[in-house]
Each structure stands twice: as structure tokens, then as C-alpha cells.
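Asker: My structure is in work22.txt, and what it holds is compact mmCIF, C-alpha atoms:
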# COMPACT_ATOMS: atom_id res chain seq x y z
CA MET A 102 34.52 3.10 -4.92
CA SER A 103 37.02 5.75 -3.91
CA ASN A 104 38.11 6.64 -0.39
CA ARG A 105 35.53 8.88 1.23
CA GLN A 106 35.25 10.27 4.73
CA ASP A 107 32.13 10.89 6.81
CA PRO A 108 31.50 14.64 6.92
CA GLY A 109 30.50 14.25 10.58
CA PRO A 110 27.66 12.83 12.68
CA ARG A 111 24.22 14.39 12.74
CA SER A 112 22.20 14.63 15.93
CA GLY A 113 18.65 13.46 16.39
CA PHE A 114 18.89 10.07 14.71
CA ASP A 115 19.42 6.83 16.62
CA ARG A 116 20.09 3.96 14.21
CA ARG A 117 19.34 1.21 16.70
CA ARG A 118 16.03 2.82 17.71
CA PHE A 119 14.76 2.41 14.14
CA LEU A 120 15.97 -1.16 13.63
CA THR A 121 12.99 -2.93 15.19
CA THR A 122 12.37 -6.65 15.17
CA ALA A 123 8.96 -6.52 13.49
CA ALA A 124 8.77 -7.41 9.81
CA LEU A 125 6.30 -5.54 7.67
CA GLY A 126 3.49 -7.47 6.00
CA GLY A 127 2.40 -7.55 2.40
CA ALA A 128 5.77 -8.17 0.78
CA THR A 129 7.23 -10.94 -1.31
CA ILE A 130 10.70 -12.34 -0.82
CA VAL A 131 12.42 -11.38 -4.06
CA GLY A 132 15.64 -13.28 -3.51
CA ALA A 133 17.67 -15.18 -0.98
CA SER A 134 21.14 -16.38 -0.14
CA ALA A 135 22.34 -19.22 2.05
CA LEU A 136 21.92 -16.86 5.04
CA GLY A 137 18.37 -15.72 4.31
CA GLY A 138 16.28 -13.30 2.30
CA ILE A 139 17.80 -10.23 0.72
CA ASP A 140 14.74 -8.01 0.32
CA ALA A 141 14.10 -5.10 2.69
CA ASP A 142 11.91 -7.12 5.08
CA ALA A 143 14.74 -9.59 5.64
CA ALA A 144 16.63 -6.86 7.54
CA PHE A 145 14.04 -7.14 10.33
CA ALA A 146 13.47 -10.89 10.27
CA ALA A 147 14.75 -13.20 12.99
CA PRO A 148 18.08 -14.86 12.16
CA MET A 149 17.68 -18.18 10.38
CA PRO A 150 20.03 -21.17 10.27
CA SER A 151 22.44 -21.16 7.37
CA LEU A 152 21.39 -23.24 4.39
CA ASP A 153 25.05 -23.89 3.61
CA PRO A 154 26.59 -26.58 5.84
CA ALA A 155 29.97 -24.92 5.39
CA ILE A 156 28.72 -21.78 7.18
CA ALA A 157 28.16 -22.28 10.90
CA LYS A 158 26.19 -19.08 11.51
CA SER A 159 25.58 -15.60 10.20
CA THR A 160 26.92 -12.40 11.75
CA PHE A 161 25.15 -9.04 11.92
CA ALA A 162 26.51 -5.50 12.22
CA GLU A 163 24.99 -2.04 12.21
CA GLY A 164 26.11 1.57 12.49
CA ARG A 165 27.33 4.56 10.48
CA ILE A 166 29.81 4.25 7.64
CA THR A 167 32.84 6.38 8.53
CA ALA A 168 35.00 5.57 5.51
CA ILE A 169 35.04 3.49 2.34
CA ASN A 170 38.32 1.90 1.31
CA GLY A 171 37.89 0.07 -1.96
CA SER A 172 35.40 -2.68 -1.23
CA VAL A 173 35.69 -2.42 2.57
CA LEU A 174 33.27 -0.30 4.61
CA GLU A 175 34.50 1.04 7.95
CA VAL A 176 31.48 1.14 10.25
CA ALA A 177 31.09 2.70 13.71
CA GLY A 178 28.45 0.80 15.68
CA SER A 179 25.83 2.44 17.86
CA TYR A 180 27.55 1.37 21.08
CA GLY A 181 31.14 2.16 20.16
CA GLU A 182 32.05 -1.05 18.38
CA GLN A 183 33.93 -0.97 15.07
CA HIS A 184 33.24 -3.17 12.05
CA LEU A 185 34.97 -3.77 8.73
CA ILE A 186 32.42 -4.89 6.15
CA GLN A 187 33.87 -6.58 3.07
CA LEU A 188 31.71 -6.27 -0.03
CA THR A 189 32.03 -8.91 -2.74
CA HIS A 190 30.62 -9.39 -6.23
CA ALA A 191 27.87 -11.47 -4.60
CA THR A 192 26.84 -8.90 -1.96
CA SER A 193 23.22 -7.75 -2.26
CA VAL A 194 22.79 -4.00 -1.65
CA TRP A 195 19.49 -2.29 -0.74
CA LYS A 196 19.16 1.50 -0.58
CA LEU A 197 15.45 2.25 -1.01
CA ARG A 198 15.56 -0.35 -3.77
CA ALA A 199 17.96 -3.03 -4.95
CA THR A 200 21.09 -1.22 -6.14
CA THR A 201 24.88 -1.54 -6.34
CA ALA A 202 27.78 -0.75 -4.02
CA ASP A 203 28.35 2.50 -5.93
CA ALA A 204 25.27 3.94 -4.19
CA ILE A 205 26.86 3.57 -0.73
CA GLU A 206 28.34 6.76 0.78
CA ALA A 207 30.29 7.66 3.89
CA GLY A 208 27.81 8.92 6.49
CA ASP A 209 25.16 6.38 5.52
CA GLY A 210 23.65 4.10 8.12
CA LEU A 211 24.05 0.40 7.49
CA TYR A 212 22.74 -2.97 8.61
CA ALA A 213 24.78 -5.88 7.32
CA ARG A 214 24.54 -9.65 7.41
CA GLY A 215 27.45 -11.91 6.57
CA VAL A 216 30.12 -14.28 7.81
CA ASP A 217 33.08 -13.62 10.11
CA MET A 218 36.41 -13.94 8.30
CA PRO A 219 39.79 -14.89 9.83
CA ASP A 220 41.16 -11.39 9.20
CA GLY A 221 38.45 -9.81 11.38
CA THR A 222 36.27 -8.51 8.57
CA ILE A 223 32.68 -9.51 7.91
CA ALA A 224 32.12 -10.80 4.39
CA ALA A 225 28.66 -9.44 3.66
CA ASP A 226 26.07 -11.34 1.70
CA ALA A 227 23.54 -8.51 2.17
CA VAL A 228 23.65 -4.88 3.29
CA TRP A 229 20.69 -2.60 3.86
CA VAL A 230 21.68 1.06 3.67
CA ASN A 231 19.81 3.73 5.68
CA ILE A 232 16.91 1.33 6.15
CA VAL A 233 14.26 2.40 8.66
CA ASN A 234 11.08 0.75 9.91
CA LEU A 235 8.80 3.32 11.56
CA PHE A 236 5.51 2.94 13.43
CA CYS A 237 3.96 6.38 13.09
CA THR A 238 0.87 8.55 12.71
CA VAL A 239 0.00 10.46 9.54
CA ARG A 240 -0.24 14.16 10.43
CA GLY A 241 -0.35 15.74 6.98
CA ILE A 242 -0.49 14.81 3.30
CA ALA A 243 1.06 16.70 0.39
CA LYS A 244 1.57 15.80 -3.24
CA ASP A 245 5.13 14.59 -2.77
CA ARG A 246 5.33 13.80 0.94
CA LEU A 247 3.64 12.57 4.08
CA HIS A 248 4.11 14.42 7.36
CA LEU A 249 4.52 11.84 10.11
CA THR A 250 5.12 11.64 13.83
CA HIS A 251 6.55 8.67 15.69
CA GLY A 252 7.73 7.66 19.14
CA ASP A 253 6.67 8.75 22.60
CA GLY A 254 7.81 12.29 21.90
CA ASN A 255 5.84 12.53 18.64
CA HIS A 256 9.05 13.19 16.73
CA ALA A 257 8.21 14.78 13.37
CA VAL A 258 9.47 13.10 10.20
CA VAL A 259 8.95 13.99 6.57
CA GLY A 260 8.25 10.92 4.45
CA ARG A 261 9.08 11.58 0.81
CA ILE A 262 6.95 9.94 -1.88
CA VAL A 263 9.30 8.64 -4.57
CA PRO A 264 7.77 8.24 -8.06
CA GLU A 265 7.78 4.68 -9.39
CA THR A 266 9.06 3.42 -6.03
CA THR A 267 6.69 4.29 -3.16
CA THR A 268 3.83 1.84 -2.67
CA ALA A 269 1.03 1.35 -0.16
CA SER A 270 -0.64 -1.65 1.41
CA TYR A 271 -4.13 -1.32 2.86
CA LEU A 272 -5.48 -3.80 5.43
CA GLY A 273 -2.74 -6.25 4.54
CA GLY A 274 -3.60 -6.20 0.85
CA SER A 275 -1.31 -6.26 -2.14
CA LEU A 276 1.01 -3.38 -2.87
CA THR A 277 -0.23 -0.50 -4.99
CA PRO A 278 1.27 2.82 -6.13
CA ASP A 279 -2.09 4.47 -5.24
CA LEU A 280 -1.70 6.42 -1.98
CA SER A 281 -5.09 8.12 -2.23
CA ARG A 282 -6.56 6.04 0.61
CA VAL A 283 -3.98 7.23 3.13
CA ARG A 284 -5.73 9.54 5.61
CA ILE A 285 -4.61 12.07 8.21
CA GLY A 286 -4.77 10.54 11.66
CA GLN A 287 -4.15 6.97 10.51
CA SER A 288 -1.57 4.79 12.17
CA ALA A 289 0.98 3.64 9.62
CA GLN A 290 4.09 1.54 9.31
CA VAL A 291 6.73 2.98 6.99
CA LEU A 292 9.59 1.07 5.46
CA GLY A 293 12.07 3.36 3.79
CA ALA A 294 15.52 4.85 3.50
CA TRP A 295 16.74 7.63 5.78
CA ARG A 296 18.31 10.69 4.16
CA PRO A 297 21.30 11.71 6.30
CA ALA A 298 21.36 15.21 4.79
CA ASP A 299 18.02 16.31 6.27
CA ASP A 300 16.71 13.42 8.42
CA SER A 301 13.77 12.83 6.08
CA VAL A 302 12.81 9.36 4.86
CA ASP A 303 12.26 8.19 1.30
CA ILE A 304 9.25 5.87 1.52
CA ALA A 305 9.51 2.43 -0.04
CA ARG A 306 6.25 1.20 1.45
CA VAL A 307 3.56 2.58 3.76
CA THR A 308 1.20 0.09 5.40
CA VAL A 309 -2.07 1.29 6.92
CA GLY A 310 -4.87 -0.65 8.55
CA HIS A 311 -2.47 -3.41 9.64
Using C-alpha cells, write down the structure from this file.
Answerer:
Amino acid sequence: MSNRQDPGPRSGFDRRRFLTTAALGGATIVGASALGGIDADAAFAAPMPSLDPAIAKSTFAEGRITAINGSVLEVAGSYGEQHLIQLTHATSVWKLRATTADAIEAGDGLYARGVDMPDGTIAADAVWVNIVNLFCTVRGIAKDRLHLTHGDGNHAVVGRIVPETTTASYLGGSLTPDLSRVRIGQSAQVLGAWRPADDSVDIARVTVGH
């Protein structure tokens, strides 16, 4: 990856507000490392003991990527802290779906899990890019999007339906690409990837009736 700079912060989006502790139901762990699962739900799971006796504990970091220098991500945390996230050939990357480090851009939000290194970097075993976990209400339905509100202020969010990616789970059932049973007025939980350009969310999974 080449050196890239963040074009500047956008207002109206609080990374930490979206990183809740509740894991969504109806998913299967698709992979794991010594530090835990690497699917999207693992980003919201409670920390687990390392399965590798050589690793005392895992470290977590979150924030906005301000620059990318080779395989190192410079990250500004939500409360002013700074992180250097070292990507390796073994780092798992999620950005709406499992992908590669080439999909990461300056300005993206990030949640990373890894191990502290002597040089002050965090060697990441997994990074989740722009991941959001929203408890919301369905306010409108269109062919390619769901209109949602969330939070005490009923903040409006556009949830984009991504062909061959977006799935639904009804009453805790198995995942299906059929969204025809989603109804206006339903409470829903949306797992997806935030789009920094317009504050919309690409939906990976919508769960209703949970």
C-alpha cells in the first residue's frame, strides 16, 4: 500500500458509540487465530484468553486511520490516543466481507486486535474496518436500501443492500439473502460497514425478531 493521508474528519459519526459489546446472533465462526475468532461478530465478543502460551494477552485499538505507511496503519483513537497497527501476512482483514489490506484506506474507521510489540506497535492478527453494529428501527424500504433510525435522537441512517453480500436472519434463524420479510416499523440489528464518504452503511446482515 502506498502512503495516503486522511482527507479530513467528518462530523456526525462517533466510532466508539457504534462499537457495542453485544454480539449478533445467527452467525458461524468462519475462522480463528490464537487470540480468537476473525469473523465480524468476533469484533464485539468479550476478550478471550490467548490459546498460545507464548502470548500473555491480546491488545485492542480503535479509531480513524490517518495515514498508511507501507504495512503500518497510523490510527487516531476516539479519545486522543495514537496507535501504530502493524499488518502482517497473517493479519485477517474484514471490510464488509473478508478482504485484503489493499482495501484499507486513510479515513477508514478501524477496530484491531493484536499483540503489543517492543517497538510500540501493535502486531494485528485481525482488523475490522468501518465495522458498525446498530440497534435501529426500519423506517422505509427501497429496492437497494433500508431507511433506518437509531439512538435516542432517532438519527437517520441509510442502510445499503449489497448484492450477493447482504443477508437477513429472522427470529434467530439461519441467514438468507431474502429480505422480503423485513417490515417498516420493525426493530432490527444491523451489522455492516460504514461508508465515510456519505455516512451510509453497507449491510452485511440485518437481524429482525431477535
Asker: Between atom CA of Glu163 of chain A and atom CA of Ser179 of chain A, what is the spacing in Å?
Answerer: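 Computing it gives 7.3 Å between the two atoms.
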Asker: For a cutoff of 10 Å around the file-coordinate point (35.2, -3.4, 6.4), which residues qualify once you count all atoms listed in the file? I'd like the result as a PyMOL selection string.
Answerer: chain A and resi 166+168-176+183-188+221-225
Asker: Would you put the residues from that selection into a file with C-alpha atoms, as a PDB file, in the coordinates of the input?
Answerer:
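Result file is again25.pdb:
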ATOM      1  CA  ILE A 166      29.810   4.250   7.640  1.00  0.00           C
ATOM      2  CA  ALA A 168      35.000   5.570   5.510  1.00  0.00           C
ATOM      3  CA  ILE A 169      35.040   3.490   2.340  1.00  0.00           C
ATOM      4  CA  ASN A 170      38.320   1.900   1.310  1.00  0.00           C
ATOM      5  CA  GLY A 171      37.890   0.070  -1.960  1.00  0.00           C
ATOM      6  CA  SER A 172      35.400  -2.680  -1.230  1.00  0.00           C
ATOM      7  CA  VAL A 173      35.690  -2.420   2.570  1.00  0.00           C
ATOM      8  CA  LEU A 174      33.270  -0.300   4.610  1.00  0.00           C
ATOM      9  CA  GLU A 175      34.500   1.040   7.950  1.00  0.00           C
ATOM     10  CA  VAL A 176      31.480   1.140  10.250  1.00  0.00           C
ATOM     11  CA  GLN A 183      33.930  -0.970  15.070  1.00  0.00           C
ATOM     12  CA  HIS A 184      33.240  -3.170  12.050  1.00  0.00           C
ATOM     13  CA  LEU A 185      34.970  -3.770   8.730  1.00  0.00           C
ATOM     14  CA  ILE A 186      32.420  -4.890   6.150  1.00  0.00           C
ATOM     15  CA  GLN A 187      33.870  -6.580   3.070  1.00  0.00           C
ATOM     16  CA  LEU A 188      31.710  -6.270  -0.030  1.00  0.00           C
ATOM     17  CA  GLY A 221      38.450  -9.810  11.380  1.00  0.00           C
ATOM     18  CA  THR A 222      36.270  -8.510   8.570  1.00  0.00           C
ATOM     19  CA  ILE A 223      32.680  -9.510   7.910  1.00  0.00           C
ATOM     20  CA  ALA A 224      32.120 -10.800   4.390  1.00  0.00           C
ATOM     21  CA  ALA A 225      28.660  -9.440   3.660  1.00  0.00           C
TER      22      ALA A 225
END
Asker: For each of A:Ala177, A:Val233, A:Val309, A:Ala199, take the minimum atom-to-atom distance to Gly273 of chain A, counting only C-alpha atoms, then give the residue where this is smallest.
Answerer: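 So, comparing all the options, the nearest one is A:Val309.
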Asker: What gap, in Å, lies between atom CA of Thr238 of chain A and atom CA of Ile285 of chain A?
Answerer: 7.9 Å
Asker: Provide the atom CA of Ile262 of chain A to atom CA of Trp195 of chain A distance in Å, to one decimal place.
Answerer: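 These two atoms are separated by 17.6 Å.
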Asker: Measuring atom to atom with all atoms listed in the file, identify which of A:Ala269, A:Val258, A:Met218, A:Leu197 is nearest to Phe236 of chain A.
Answerer: A:Val258
Asker: Skipping near chain neighbours, those fewer than 4 positions away, what residues fall within 9 Å of segment 244-255 of chain A using only C-alpha atoms, listed as JSON, numbers by chain?
Answerer: {"A": [235, 236, 237, 238, 239, 240, 259, 260, 261, 262, 263, 264, 289, 303, 304]}
Asker: With a distance cut-off of 12 Å and only C-alpha atoms, select the neighbouring residues of Thr277 of chain A, excluding the residue or stretch itself and same-chain residues fewer than 2 positions from it, and output the selection as a PyMOL selection string.
Answerer: chain A and resi 127-128+265-271+273-275+279-283+305-308
Asker: From the set A:Ser301, A:Ser193, A:Thr160, A:Ser288, which residue has the shortest atom-to-atom contact distance to Val228 of chain A, counting all atoms listed in the file?
Answerer: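 Under the stated criterion, the closest residue is A:Ser193.
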Asker: Check the smallest atom-to-atom distance from each of A:Ala243, A:Val291, A:Val230, A:Ala141 to Gly208 of chain A using all atoms listed in the file, then report the winner.
Answerer: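 Checking each of A:Ala243, A:Val291, A:Val230, A:Ala141 against Gly208 of chain A, counting all atoms listed in the file, the winner is A:Val230.
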Asker: Anything within 10 Å of (20.7, -1.5, -0.6): list those residues as number ranges by chain, counting all atoms listed in the file and sticking to the file's coordinates.
Answerer: A: 139-141, 192-202, 204-205, 211-213, 227-232, 294
